[in-house]
Amino acid sequence: MEKFLKDLFANQQYDENNFFLIAGPCVVESEELLMEVADKVAGTCKNLGIPYIFKSSYRKANRTSSSSFTGIGDESALALVKKTGQKYKLPTVSDIHAHEEAAMAAKYVDVLQIPAFLCRQTDLLIAAAETGKIVNVKKGQFLSGPAMKFAAEKIRKAGNNKILLTERGTTFGYQDLVVDYRNIPWMQEHAVPVVMDCTHSLQQPNQTSGITGGNPQLIGTIAKAAIASGADGLFIETHPNPAVALSDGANMLRLDLLEGLLQKLVKLRQAVI
């Protein structure tokens, strides 16, 4: 494990041979939701020896329909993410969407995440890098793993070597994604830890209903294949009741199913390392 990740997880007890987990609800809906998810996932990860980063977006800037929920207010939501992290002694991550958001978000979270559609935005990558925070860049659906070396280079040239790259599927036709697992070792060749986004990679975007579809029944399949392929970390969005979630309900794993999946993944990790 990279030193910057060991520093990030310094307050947690975990198996150093394990994968790490980034998990939480897609977007900040309420304090109660964040606390419920963090409490459940943190307890499970502690029992299984999995280092854990709590995730929730303070705003969803990329929505299909203009009527879709985007957030409760940037700083209000970020304050709730920080409060959740402090209560459960967890590092936190949230997305940023423009270079001027980087410094604001960096006051509240430990990891800045660059959405896939924005992974080529030079000013955004540099602004994130200059905060000194860990930067997690999601691979664009339109890019190959080898092409992500340029995103990593931009961050490094800005003086920051704390980089994660995340695989989240590749555009397949107009309304579907497919995962090419070659991208995991290919992106590891850029000398960075690589994460598999097990939920967004199952999206079915651009639906005429204005709501992104998905295949959450395949989250376990994606996760198991990622661990077998050598992924360093997993990204899983989870919600107590995805059917009523305000964003990405079609892709999130139901919270009560997460523990059983993680138990299987820990055994698989032990078998392949």
# chains A, B, ... in the order shown; residues from 1 in each chain; ligands from 1

call {"tool": "residues_around", "arguments": {"residues": "A:Ile219", "least_positions_apart": "6", "cutoff": "9 Å", "atoms": "only C-alpha atoms", "output": "number ranges by chain"}}
result
A: 198-199, 201-202, 236, 251-253

call {"tool": "closest_residue", "arguments": {"among": "A:Ala151, A:Val179, A:Cys26, A:Ile50", "to": "A:Pro242", "atoms": "only C-alpha atoms"}}
result
A:Cys26

call {"tool": "select_by_dssp", "arguments": {"residues": "stretch 43-253 of chain A", "states": "helix (DSSP H, G or I)", "output": "PyMOL selection string"}}
result
chain A and resi 43-48+74-88+101-106+116-118+122-130+146-157+183-188+200-202+216-228+242-244

call {"tool": "residues_around", "arguments": {"residues": "A:Asn11", "least_positions_apart": "6", "cutoff": "10 Å", "atoms": "only C-alpha atoms", "output": "ChimeraX atom specification"}}
result
/A:51,89-91

call {"tool": "closest_residue", "arguments": {"among": "A:Ala106, A:Tyr14, A:Thr122, A:His239", "to": "A:Glu32", "atoms": "only C-alpha atoms"}}
result
A:His239

call {"tool": "closest_residue", "arguments": {"among": "A:Met1, A:Asp123, A:Val178, A:Leu48", "to": "A:Lys267", "atoms": "only C-alpha atoms"}}
result
A:Leu48

call {"tool": "closest_atom_pairs", "arguments": {"of": "stretch 174-218 of chain A", "to": "stretch 141-148 of chain A", "cutoff": "7 Å", "atoms": "only C-alpha atoms", "output": "JSON lines"}}
result
{"residue": "A:Asn183", "atom": "CA", "partner": "A:Gly145", "partner_atom": "CA", "distance": 4.6}
{"residue": "A:Trp186", "atom": "CA", "partner": "A:Gly145", "partner_atom": "CA", "distance": 5.6}
{"residue": "A:Met187", "atom": "CA", "partner": "A:Gly145", "partner_atom": "CA", "distance": 5.2}

call {"tool": "write_last_selection", "arguments": {"atoms": "N, CA and C atoms", "output": "PDB file, in the first residue's frame"}}
result
ATOM      1  N   ASN A 183      -7.942  -2.667 -18.128  1.00  0.00           N
ATOM      2  CA  ASN A 183      -7.633  -1.316 -17.675  1.00  0.00           C
ATOM      3  C   ASN A 183      -7.087  -1.280 -16.250  1.00  0.00           C
ATOM      4  N   TRP A 186      -3.368  -2.026 -16.645  1.00  0.00           N
ATOM      5  CA  TRP A 186      -2.832  -0.952 -17.489  1.00  0.00           C
ATOM      6  C   TRP A 186      -2.690   0.345 -16.702  1.00  0.00           C
ATOM      7  N   MET A 187      -3.687   0.685 -15.887  1.00  0.00           N
ATOM      8  CA  MET A 187      -3.591   1.934 -15.108  1.00  0.00           C
ATOM      9  C   MET A 187      -2.608   1.788 -13.957  1.00  0.00           C
TER      10      MET A 187
END

call {"tool": "closest_residue", "arguments": {"among": "A:Phe54, A:Phe117, A:Phe19, A:Tyr108", "to": "A:Glu237", "atoms": "only C-alpha atoms"}}
result
A:Phe54

call {"tool": "residues_around", "arguments": {"residues": "A:Asn161", "least_positions_apart": "3", "cutoff": "10 Å", "atoms": "only C-alpha atoms", "output": "list in words"}}
result
Phe4, Ala129, Gly132, Lys133, Ile134, Val135, Ala152, Glu153, Ile155, Arg156, Lys157, Ala158, Leu164, Ala191 and Val192 of chain A

call {"tool": "atom_distance", "arguments": {"atom1": "atom CA of A:Leu268", "atom2": "atom CA of A:Leu234"}}
result
13.3 Å

call {"tool": "atom_distance", "arguments": {"atom1": "atom CA of A:Val27", "atom2": "atom CA of A:Ile96"}}
result
12.4 Å

call {"tool": "atom_distance", "arguments": {"atom1": "atom CA of A:Leu258", "atom2": "atom CA of A:Gly73"}}
result
28.6 Å
